[in-house]
Every structure is written in structure tokens, then in C-alpha cells.
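my_file.pdb (PDB, C-alpha atoms, pLDDT in the B column) appears below.
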ATOM      1  CA  MET A   1       3.212   3.973 -21.423  1.00 60.00           C
ATOM      2  CA  SER A   2       1.796   0.899 -23.163  1.00 71.00           C
ATOM      3  CA  ASP A   3       2.124  -1.042 -19.909  1.00 85.00           C
ATOM      4  CA  ILE A   4       0.128   1.618 -18.065  1.00 88.00           C
ATOM      5  CA  GLY A   5      -2.476   1.620 -20.816  1.00 88.00           C
ATOM      6  CA  ASP A   6      -2.776  -2.175 -20.699  1.00 90.00           C
ATOM      7  CA  TRP A   7      -3.137  -2.086 -16.922  1.00 92.00           C
ATOM      8  CA  PHE A   8      -5.796   0.636 -17.099  1.00 93.00           C
ATOM      9  CA  ARG A   9      -7.799  -1.250 -19.740  1.00 93.00           C
ATOM     10  CA  SER A  10      -7.613  -4.388 -17.609  1.00 95.00           C
ATOM     11  CA  ILE A  11      -9.572  -2.718 -14.794  1.00 96.00           C
ATOM     12  CA  PRO A  12     -13.277  -3.702 -14.849  1.00 96.00           C
ATOM     13  CA  ALA A  13     -15.426  -1.061 -16.547  1.00 96.00           C
ATOM     14  CA  ILE A  14     -17.268   0.548 -13.621  1.00 97.00           C
ATOM     15  CA  THR A  15     -14.176   0.641 -11.429  1.00 97.00           C
ATOM     16  CA  ARG A  16     -12.155   2.000 -14.365  1.00 97.00           C
ATOM     17  CA  TYR A  17     -14.463   4.979 -14.921  1.00 97.00           C
ATOM     18  CA  TRP A  18     -14.708   5.667 -11.185  1.00 97.00           C
ATOM     19  CA  PHE A  19     -10.915   5.484 -10.816  1.00 97.00           C
ATOM     20  CA  ALA A  20     -10.390   7.765 -13.830  1.00 97.00           C
ATOM     21  CA  ALA A  21     -12.836  10.376 -12.519  1.00 97.00           C
ATOM     22  CA  THR A  22     -11.169  10.296  -9.096  1.00 97.00           C
ATOM     23  CA  VAL A  23      -7.866  11.094 -10.800  1.00 97.00           C
ATOM     24  CA  ALA A  24      -9.169  13.626 -13.345  1.00 97.00           C
ATOM     25  CA  VAL A  25     -11.302  15.848 -11.096  1.00 97.00           C
ATOM     26  CA  PRO A  26      -8.568  16.498  -8.472  1.00 96.00           C
ATOM     27  CA  LEU A  27      -6.138  17.161 -11.342  1.00 95.00           C
ATOM     28  CA  VAL A  28      -8.518  19.725 -12.839  1.00 95.00           C
ATOM     29  CA  GLY A  29      -8.749  21.449  -9.462  1.00 94.00           C
ATOM     30  CA  LYS A  30      -4.993  21.263  -8.891  1.00 93.00           C
ATOM     31  CA  LEU A  31      -4.238  22.836 -12.270  1.00 93.00           C
ATOM     32  CA  GLY A  32      -6.742  25.617 -11.623  1.00 92.00           C
ATOM     33  CA  LEU A  33      -8.840  24.821 -14.682  1.00 95.00           C
ATOM     34  CA  ILE A  34     -11.863  24.967 -12.375  1.00 94.00           C
ATOM     35  CA  SER A  35     -11.781  26.643  -9.004  1.00 94.00           C
ATOM     36  CA  PRO A  36     -11.907  24.022  -6.212  1.00 94.00           C
ATOM     37  CA  ALA A  37     -14.559  26.197  -4.569  1.00 94.00           C
ATOM     38  CA  TYR A  38     -17.023  24.879  -7.169  1.00 95.00           C
ATOM     39  CA  LEU A  39     -16.171  21.225  -6.470  1.00 96.00           C
ATOM     40  CA  PHE A  40     -17.042  20.914  -2.782  1.00 95.00           C
ATOM     41  CA  LEU A  41     -20.469  19.919  -1.487  1.00 95.00           C
ATOM     42  CA  TRP A  42     -21.771  23.096   0.138  1.00 93.00           C
ATOM     43  CA  PRO A  43     -25.404  22.688   1.239  1.00 93.00           C
ATOM     44  CA  GLU A  44     -26.250  26.357   0.706  1.00 93.00           C
ATOM     45  CA  ALA A  45     -24.910  26.381  -2.846  1.00 94.00           C
ATOM     46  CA  PHE A  46     -26.592  23.080  -3.706  1.00 94.00           C
ATOM     47  CA  LEU A  47     -29.986  23.744  -2.106  1.00 91.00           C
ATOM     48  CA  TYR A  48     -30.443  27.479  -2.627  1.00 93.00           C
ATOM     49  CA  ARG A  49     -28.250  28.363  -5.613  1.00 92.00           C
ATOM     50  CA  PHE A  50     -29.195  25.190  -7.538  1.00 92.00           C
ATOM     51  CA  GLN A  51     -25.579  24.202  -8.178  1.00 95.00           C
ATOM     52  CA  ILE A  52     -26.681  20.633  -8.752  1.00 95.00           C
ATOM     53  CA  TRP A  53     -23.288  19.345  -9.886  1.00 96.00           C
ATOM     54  CA  ARG A  54     -21.767  19.597  -6.411  1.00 96.00           C
ATOM     55  CA  PRO A  55     -22.781  16.128  -5.097  1.00 97.00           C
ATOM     56  CA  ILE A  56     -21.071  14.602  -8.142  1.00 97.00           C
ATOM     57  CA  THR A  57     -17.870  16.659  -8.074  1.00 97.00           C
ATOM     58  CA  ALA A  58     -17.578  16.224  -4.292  1.00 97.00           C
ATOM     59  CA  THR A  59     -17.600  12.466  -4.850  1.00 97.00           C
ATOM     60  CA  PHE A  60     -14.552  12.583  -7.124  1.00 97.00           C
ATOM     61  CA  TYR A  61     -12.667  15.640  -5.833  1.00 96.00           C
ATOM     62  CA  PHE A  62      -9.966  15.631  -3.184  1.00 95.00           C
ATOM     63  CA  PRO A  63      -7.662  18.586  -2.426  1.00 93.00           C
ATOM     64  CA  VAL A  64      -4.268  17.076  -3.225  1.00 92.00           C
ATOM     65  CA  GLY A  65      -1.313  18.844  -1.671  1.00 88.00           C
ATOM     66  CA  PRO A  66       1.813  18.226   0.427  1.00 86.00           C
ATOM     67  CA  GLY A  67      -0.281  17.459   3.505  1.00 84.00           C
ATOM     68  CA  THR A  68      -2.972  15.367   1.824  1.00 88.00           C
ATOM     69  CA  GLY A  69      -1.244  13.628  -1.075  1.00 90.00           C
ATOM     70  CA  PHE A  70      -0.439  10.449   0.841  1.00 89.00           C
ATOM     71  CA  LEU A  71      -3.993  10.127   2.158  1.00 89.00           C
ATOM     72  CA  TYR A  72      -5.319  10.606  -1.376  1.00 94.00           C
ATOM     73  CA  LEU A  73      -3.038   7.957  -2.884  1.00 93.00           C
ATOM     74  CA  VAL A  74      -3.826   5.418  -0.167  1.00 90.00           C
ATOM     75  CA  ASN A  75      -7.564   5.804  -0.694  1.00 93.00           C
ATOM     76  CA  LEU A  76      -7.119   5.686  -4.469  1.00 95.00           C
ATOM     77  CA  TYR A  77      -5.419   2.337  -3.911  1.00 93.00           C
ATOM     78  CA  PHE A  78      -8.317   1.158  -1.722  1.00 92.00           C
ATOM     79  CA  LEU A  79     -10.763   2.201  -4.462  1.00 96.00           C
ATOM     80  CA  TYR A  80      -8.880   0.206  -7.086  1.00 96.00           C
ATOM     81  CA  GLN A  81      -8.356  -2.866  -4.923  1.00 93.00           C
ATOM     82  CA  TYR A  82     -11.768  -3.344  -3.317  1.00 93.00           C
ATOM     83  CA  SER A  83     -13.980  -2.045  -6.101  1.00 97.00           C
ATOM     84  CA  THR A  84     -12.172  -4.379  -8.505  1.00 97.00           C
ATOM     85  CA  ARG A  85     -12.587  -7.299  -6.114  1.00 94.00           C
ATOM     86  CA  LEU A  86     -16.303  -6.651  -5.752  1.00 95.00           C
ATOM     87  CA  GLU A  87     -16.917  -6.079  -9.452  1.00 96.00           C
ATOM     88  CA  THR A  88     -15.050  -9.239 -10.466  1.00 95.00           C
ATOM     89  CA  GLY A  89     -16.137 -11.303  -7.447  1.00 93.00           C
ATOM     90  CA  ALA A  90     -19.559 -11.031  -5.835  1.00 92.00           C
ATOM     91  CA  PHE A  91     -20.888  -8.918  -8.740  1.00 95.00           C
ATOM     92  CA  ASP A  92     -19.090 -10.751 -11.525  1.00 94.00           C
ATOM     93  CA  GLY A  93     -21.234 -10.689 -14.665  1.00 93.00           C
ATOM     94  CA  ARG A  94     -23.774  -8.351 -13.018  1.00 94.00           C
ATOM     95  CA  PRO A  95     -22.558  -4.793 -13.764  1.00 94.00           C
ATOM     96  CA  ALA A  96     -26.071  -3.332 -13.428  1.00 95.00           C
ATOM     97  CA  ASP A  97     -26.366  -4.663  -9.871  1.00 95.00           C
ATOM     98  CA  TYR A  98     -22.944  -3.287  -8.964  1.00 96.00           C
ATOM     99  CA  LEU A  99     -23.737   0.136 -10.424  1.00 96.00           C
ATOM    100  CA  PHE A 100     -27.059   0.174  -8.575  1.00 96.00           C
ATOM    101  CA  MET A 101     -25.311  -0.643  -5.308  1.00 95.00           C
ATOM    102  CA  LEU A 102     -22.880   2.245  -5.877  1.00 97.00           C
ATOM    103  CA  LEU A 103     -25.737   4.621  -6.718  1.00 97.00           C
ATOM    104  CA  PHE A 104     -27.654   3.597  -3.597  1.00 96.00           C
ATOM    105  CA  ASN A 105     -24.562   4.064  -1.399  1.00 96.00           C
ATOM    106  CA  TRP A 106     -23.855   7.394  -3.066  1.00 97.00           C
ATOM    107  CA  ILE A 107     -27.386   8.733  -2.492  1.00 97.00           C
ATOM    108  CA  CYS A 108     -27.212   7.767   1.187  1.00 96.00           C
ATOM    109  CA  ILE A 109     -23.812   9.454   1.497  1.00 96.00           C
ATOM    110  CA  VAL A 110     -25.023  12.637  -0.249  1.00 97.00           C
ATOM    111  CA  ILE A 111     -28.012  12.887   2.120  1.00 96.00           C
ATOM    112  CA  THR A 112     -25.722  12.335   5.101  1.00 94.00           C
ATOM    113  CA  GLY A 113     -23.238  14.846   3.716  1.00 94.00           C
ATOM    114  CA  LEU A 114     -25.887  17.525   3.330  1.00 94.00           C
ATOM    115  CA  ALA A 115     -27.202  16.889   6.846  1.00 93.00           C
ATOM    116  CA  MET A 116     -23.759  16.820   8.485  1.00 92.00           C
ATOM    117  CA  ASP A 117     -22.030  19.406   6.275  1.00 90.00           C
ATOM    118  CA  MET A 118     -19.557  16.893   4.784  1.00 92.00           C
ATOM    119  CA  GLN A 119     -17.905  18.748   1.926  1.00 93.00           C
ATOM    120  CA  LEU A 120     -15.940  15.831   0.423  1.00 95.00           C
ATOM    121  CA  LEU A 121     -17.511  12.459  -0.357  1.00 96.00           C
ATOM    122  CA  MET A 122     -14.675  10.552  -2.012  1.00 95.00           C
ATOM    123  CA  ILE A 123     -13.500   8.656   1.066  1.00 93.00           C
ATOM    124  CA  PRO A 124     -17.012   7.819   2.405  1.00 93.00           C
ATOM    125  CA  LEU A 125     -17.990   6.183  -0.905  1.00 96.00           C
ATOM    126  CA  ILE A 126     -14.748   4.205  -1.041  1.00 95.00           C
ATOM    127  CA  MET A 127     -15.300   3.119   2.572  1.00 92.00           C
ATOM    128  CA  SER A 128     -18.833   1.957   1.724  1.00 94.00           C
ATOM    129  CA  VAL A 129     -17.472  -0.347  -0.985  1.00 95.00           C
ATOM    130  CA  LEU A 130     -14.765  -1.627   1.330  1.00 91.00           C
ATOM    131  CA  TYR A 131     -17.417  -2.305   3.978  1.00 91.00           C
ATOM    132  CA  VAL A 132     -19.550  -4.335   1.566  1.00 93.00           C
ATOM    133  CA  TRP A 133     -16.519  -6.376   0.487  1.00 91.00           C
ATOM    134  CA  ALA A 134     -15.520  -6.987   4.118  1.00 90.00           C
ATOM    135  CA  GLN A 135     -19.012  -8.213   5.008  1.00 89.00           C
ATOM    136  CA  LEU A 136     -19.067 -10.595   2.061  1.00 91.00           C
ATOM    137  CA  ASN A 137     -15.655 -11.929   3.108  1.00 88.00           C
ATOM    138  CA  ARG A 138     -15.901 -11.387   6.845  1.00 85.00           C
ATOM    139  CA  ASP A 139     -14.056 -14.578   7.878  1.00 84.00           C
ATOM    140  CA  MET A 140     -11.158 -14.147   5.445  1.00 85.00           C
ATOM    141  CA  ILE A 141      -7.833 -13.339   7.124  1.00 83.00           C
ATOM    142  CA  VAL A 142      -6.350 -10.171   5.652  1.00 81.00           C
ATOM    143  CA  SER A 143      -2.977  -8.534   6.136  1.00 78.00           C
ATOM    144  CA  PHE A 144      -2.453  -4.854   6.805  1.00 75.00           C
ATOM    145  CA  TRP A 145       0.617  -2.749   7.410  1.00 69.00           C
ATOM    146  CA  PHE A 146       3.554  -4.089   9.463  1.00 68.00           C
ATOM    147  CA  GLY A 147       2.330  -7.659   9.089  1.00 72.00           C
ATOM    148  CA  THR A 148      -0.812  -7.276  11.184  1.00 76.00           C
ATOM    149  CA  ARG A 149      -3.441  -9.931  10.391  1.00 81.00           C
ATOM    150  CA  PHE A 150      -7.114 -10.021  11.303  1.00 75.00           C
ATOM    151  CA  LYS A 151     -10.513 -11.007   9.930  1.00 82.00           C
ATOM    152  CA  ALA A 152     -11.833  -8.974   7.006  1.00 82.00           C
ATOM    153  CA  CYS A 153     -14.902  -7.910   9.010  1.00 83.00           C
ATOM    154  CA  TYR A 154     -12.619  -5.639  11.063  1.00 82.00           C
ATOM    155  CA  LEU A 155     -10.878  -4.101   8.041  1.00 83.00           C
ATOM    156  CA  PRO A 156     -13.235  -1.100   7.538  1.00 82.00           C
ATOM    157  CA  TRP A 157     -12.762  -0.004  11.143  1.00 83.00           C
ATOM    158  CA  VAL A 158      -8.982  -0.402  10.929  1.00 82.00           C
ATOM    159  CA  ILE A 159      -8.881   1.679   7.742  1.00 82.00           C
ATOM    160  CA  LEU A 160     -11.286   4.229   9.229  1.00 80.00           C
ATOM    161  CA  GLY A 161      -8.877   4.722  12.121  1.00 80.00           C
ATOM    162  CA  PHE A 162      -5.955   4.753   9.690  1.00 75.00           C
ATOM    163  CA  ASN A 163      -7.614   7.507   7.636  1.00 74.00           C
ATOM    164  CA  TYR A 164      -8.299   9.481  10.800  1.00 75.00           C
ATOM    165  CA  ILE A 165      -4.688   9.230  11.958  1.00 75.00           C
ATOM    166  CA  ILE A 166      -3.002  10.171   8.675  1.00 69.00           C
ATOM    167  CA  GLY A 167      -5.715  12.653   7.626  1.00 65.00           C
ATOM    168  CA  GLY A 168      -5.959  14.547  10.923  1.00 55.00           C
ATOM    169  CA  SER A 169      -9.314  14.518  11.561  1.00 46.00           C
ATOM    170  CA  TYR A 170     -23.372   0.674   5.899  1.00 51.00           C
ATOM    171  CA  PRO A 171     -24.575  -2.234   7.020  1.00 36.00           C
ATOM    172  CA  MET A 172     -25.804  -4.792   4.499  1.00 36.00           C
ATOM    173  CA  ASP A 173     -27.311  -8.060   5.760  1.00 37.00           C
ATOM    174  CA  LEU A 174     -26.864 -11.106   3.588  1.00 37.00           C
ATOM    175  CA  GLY A 175     -30.138 -12.874   3.045  1.00 41.00           C
ATOM    176  CA  GLY A 176     -33.522 -11.793   4.292  1.00 42.00           C
ATOM    177  CA  ARG A 177     -35.977  -9.934   2.124  1.00 46.00           C
ATOM    178  CA  ASN A 178     -34.857  -8.227  -1.053  1.00 52.00           C
ATOM    179  CA  PHE A 179     -35.976  -4.670  -0.340  1.00 48.00           C
ATOM    180  CA  LEU A 180     -34.088  -3.139  -3.268  1.00 61.00           C
ATOM    181  CA  SER A 181     -34.192  -4.362  -6.852  1.00 74.00           C
ATOM    182  CA  THR A 182     -31.977  -3.049  -9.617  1.00 79.00           C
ATOM    183  CA  PRO A 183     -34.022  -0.930 -12.078  1.00 80.00           C
ATOM    184  CA  GLN A 184     -34.635  -2.590 -15.433  1.00 83.00           C
ATOM    185  CA  PHE A 185     -33.075   0.262 -17.442  1.00 81.00           C
ATOM    186  CA  LEU A 186     -29.725  -0.547 -15.845  1.00 79.00           C
ATOM    187  CA  TYR A 187     -30.010  -4.140 -17.089  1.00 82.00           C
ATOM    188  CA  ARG A 188     -30.706  -2.862 -20.610  1.00 83.00           C
ATOM    189  CA  TRP A 189     -27.659  -0.624 -20.358  1.00 83.00           C
ATOM    190  CA  LEU A 190     -25.433  -3.138 -18.536  1.00 81.00           C
ATOM    191  CA  PRO A 191     -26.751  -6.653 -19.307  1.00 85.00           C
ATOM    192  CA  SER A 192     -25.770  -9.492 -17.007  1.00 82.00           C
ATOM    193  CA  ARG A 193     -23.479 -12.176 -18.411  1.00 76.00           C
ATOM    194  CA  ARG A 194     -25.193 -15.002 -16.563  1.00 61.00           C
ATOM    195  CA  GLY A 195     -28.586 -15.815 -15.082  1.00 51.00           C
ATOM    196  CA  GLY A 196     -29.742 -15.800 -11.486  1.00 46.00           C
ATOM    197  CA  VAL A 197     -31.605 -13.639  -9.054  1.00 44.00           C
ATOM    198  CA  SER A 198     -30.453 -10.045  -9.139  1.00 45.00           C
ATOM    199  CA  GLY A 199     -30.706  -7.121  -6.795  1.00 46.00           C
ATOM    200  CA  PHE A 200     -28.663  -5.347  -4.145  1.00 47.00           C
ATOM    201  CA  GLY A 201     -28.819  -7.449  -0.960  1.00 47.00           C
ATOM    202  CA  VAL A 202     -29.417 -10.809  -2.678  1.00 48.00           C
ATOM    203  CA  PRO A 203     -26.936 -13.453  -1.468  1.00 46.00           C
ATOM    204  CA  PRO A 204     -24.148 -14.407  -3.886  1.00 49.00           C
ATOM    205  CA  ALA A 205     -24.715 -17.369  -6.187  1.00 49.00           C
ATOM    206  CA  SER A 206     -22.463 -19.693  -4.197  1.00 45.00           C
ATOM    207  CA  MET A 207     -24.570 -19.137  -1.093  1.00 44.00           C
ATOM    208  CA  ARG A 208     -27.788 -19.698  -3.004  1.00 45.00           C
ATOM    209  CA  ARG A 209     -26.414 -22.969  -4.376  1.00 47.00           C
ATOM    210  CA  ALA A 210     -25.448 -24.115  -0.876  1.00 45.00           C
ATOM    211  CA  ALA A 211     -28.924 -23.282   0.369  1.00 43.00           C
ATOM    212  CA  ASP A 212     -30.501 -25.247  -2.496  1.00 48.00           C
ATOM    213  CA  GLN A 213     -28.391 -28.276  -1.644  1.00 50.00           C
ATOM    214  CA  ASN A 214     -29.669 -28.134   1.909  1.00 48.00           C
ATOM    215  CA  GLY A 215     -33.218 -28.656   0.782  1.00 47.00           C
ATOM    216  CA  GLY A 216     -34.439 -25.232  -0.236  1.00 44.00           C
ATOM    217  CA  GLY A 217     -36.930 -24.651   2.591  1.00 43.00           C
ATOM    218  CA  GLY A 218     -36.450 -23.638   6.188  1.00 40.00           C
ATOM    219  CA  ARG A 219     -33.860 -21.298   7.527  1.00 37.00           C
ATOM    220  CA  HIS A 220     -30.678 -20.450   5.683  1.00 37.00           C
ATOM    221  CA  ASN A 221     -27.377 -19.399   7.159  1.00 38.00           C
ATOM    222  CA  TRP A 222     -26.150 -16.690   4.803  1.00 35.00           C
ATOM    223  CA  GLY A 223     -24.162 -14.646   7.289  1.00 39.00           C
ATOM    224  CA  GLN A 224     -20.888 -16.567   7.375  1.00 42.00           C
ATOM    225  CA  GLY A 225     -19.186 -14.835   4.417  1.00 40.00           C
ATOM    226  CA  PHE A 226     -17.085 -16.440   1.675  1.00 39.00           C
ATOM    227  CA  ARG A 227     -13.807 -16.028  -0.165  1.00 41.00           C
ATOM    228  CA  LEU A 228     -13.645 -14.467  -3.593  1.00 40.00           C
ATOM    229  CA  GLY A 229     -13.468 -17.139  -6.250  1.00 41.00           C
ATOM    230  CA  ASP A 230     -15.745 -19.615  -4.444  1.00 45.00           C
ATOM    231  CA  GLN A 231     -18.728 -18.891  -6.692  1.00 42.00           C
TER     232      GLN A 231
END

Structure rendered as C-alpha cells:
Amino acid sequence: MSDIGDWFRSIPAITRYWFAATVAVPLVGKLGLISPAYLFLWPEAFLYRFQIWRPITATFYFPVGPGTGFLYLVNLYFLYQYSTRLETGAFDGRPADYLFMLLFNWICIVITGLAMDMQLLMIPLIMSVLYVWAQLNRDMIVSFWFGTRFKACYLPWVILGFNYIIGGSYPMDLGGRNFLSTPQFLYRWLPSRRGGVSGFGVPPASMRRAADQNGGGGRHNWGQGFRLGDQ
């Protein structure tokens, strides 16, 4: 048990709380402590009955059973792997920026879920994080099941198809204008551990340094991706 506790405490903070909630909420539903009917995102209940907790519970809940347990565990693994890589890689030392990115993705997913009657949001949010990681590392060669290897930019689509097969049934440009800036209250709550320009959509520090070495002005090529650990 101490080994499990040490492993859990080693997970970066935001990923750790997200991972814990994604384990706890399905467990609560499975044990019947709260009826799963109150955990789904139902537009009528949210919009007309003012059950405002549903977008949150639908983000963490997944109906675990004999037919869905494997899909749940695989996506829990994706959450741990790619959220950890983002939080300790591109967003290392900038927890406020990472939390803001998650909140922005989540709001977009909730709006889409209400419009398209998506009752569970756990997998879409995990896929959004995986997509961001893949775009930041688009030229990295990754391995998937059975030894298949391909560029990371294709990984979200491979996993999307994988989820579709075993389950039955966001673009972010690097560079350009910084349309979204992390709110200041998040920096007061989650202070950065190092300086630099902050905000969701700002190129990673390694890319900014490369651009500075090229003279600062003119055009910058920020769309080639990078490997974690380069910054």
C-alpha cells in the first residue's frame, strides 16, 4: 500500500486530483451511494431543473461494468499518461496555465455536450488533452498496440478509432496571436515556478528561445512540434 501511496503522491497535482475524481465518482455510482441517474449530463435536468452539478459529475463519471470496464481502464491510463506528460512538460512550472487550458477545453466540451446530447464527458476531455500533447509533439514517433509506430500527430485519431471499436459506438495552433490569457486569480492560486510569457496558446519556452536566436523579428516557424524534455 505504501508503494501505491508513493506512486499516487508522485503524480503532478492537477493530474492527481483529476485522476482521483475519475476513480472516486464512478466508484460512488457503482456502490449505489448516489444514483447514476444524477451523474449524467441531461440537458433538460441541467437547463430546466437547475441541476447545475451535472456538467461536473458527467466529466468524472463513467458507468463501469463487465462491458465497459476495459474501456474505462484504458482511458484512465490515457488520462494519467498524457496529462502527466503535459503538466510536467510543456506546462512545467505553470500550473495555472495548465488548469486554464483544462477549464477552457471543459467549457467547450460541455457546450458541445449540451448541443449534441452527450451524456458522458470523461473521454472527450481526456481526448482533448491527448490532442494538445500530440500537436506539441507531432513529429515524435510513438508506439501503439502490436508494435505499430507512427507520428504523434496521428495518435488522437488512432485512439478515437480504438475507443469506437472497443466501446461500440480541438485544434490549437502554435504561435500566432494570444487570444486567451490565463486569469490572474489562477496565478495567485497556482503561482508559476519560473518566468516567461504565459497563456493558453503561447508557444513553449524552447520554441520562443529558438525564435529569439533567429533574430526576433520576421516570421517564426512554431508548427514543427518538439519532444518533451527539450525545453

Residues returned when the PyMOL selection byres ((chain A and resi 21-27) around 7) runs on this file, as a list in words
Tyr17, Trp18, Phe19, Ala20, Val28, Gly29, Lys30, Leu31, Phe60, Tyr61, Phe62, Pro63 and Val64 of chain A

For this file, the PyMOL selection byres ((chain A and resi 189) around 12) selects which residues, as JSON, numbers by chain?
{"A": [94, 95, 96, 97, 99, 100, 182, 183, 184, 185, 186, 187, 188, 190, 191, 192]}

In Å, with one decimal, what is the gap from atom CA of Met127 of chain A to atom CA of Ile159 of chain A?
8.4 Å

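Distance-wise, atom CA of Ala58 of chain A and atom CA of Met116 of chain A end up 14.2 Å apart.
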
List every residue of segment 25-108 of chain A that has an atom at most 9 Å from any atom of segment 133-149 of chain A, giving for each one its closest atom pair and the distance in Å to one decimal, counting all atoms listed in the file, sorted by chain and then by ascending residue number, as JSON lines.
{"residue": "A:Tyr82", "atom": "CA", "partner": "A:Trp133", "partner_atom": "CA", "distance": 6.8}
{"residue": "A:Ser83", "atom": "CA", "partner": "A:Trp133", "partner_atom": "CA", "distance": 8.3}
{"residue": "A:Arg85", "atom": "CA", "partner": "A:Trp133", "partner_atom": "CA", "distance": 7.7}
{"residue": "A:Leu86", "atom": "CA", "partner": "A:Trp133", "partner_atom": "CA", "distance": 6.2}
{"residue": "A:Ala90", "atom": "CA", "partner": "A:Leu136", "partner_atom": "CA", "distance": 7.9}

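Across the structure, atom CA of Leu155 of chain A and atom CA of Val129 of chain A are spaced 11.8 Å apart.
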
Translate the PyMOL selection byres ((chain A and resi 38) around 12) into a concrete residue list for this structure, as a VMD selection string.
chain A and resid 25 to 26 28 to 29 32 to 37 39 to 42 45 to 46 49 51 to 58 61 119 to 120

Nearest to Trp106 of chain A by atom-to-atom distance, counting only C-alpha atoms, from A:Ser128, A:Phe70, A:Leu76, A:Ile14
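For Trp106 of chain A, the nearest of the candidates is A:Ser128.
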
For Asn105 of chain A, please output as a list in words all residues within 7 Å (counting all atoms listed in the file; exclusion window: fewer than 3 positions along the same chain).
Met101, Leu102, Cys108, Ile109, Leu125 and Ser128 of chain A

Of the candidates A:Asp3, A:Ile11, A:Ala115, A:Ile165, which one gets nearest to Leu47 of chain A if we count only C-alpha atoms?
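Under the stated criterion, the closest residue is A:Ala115.
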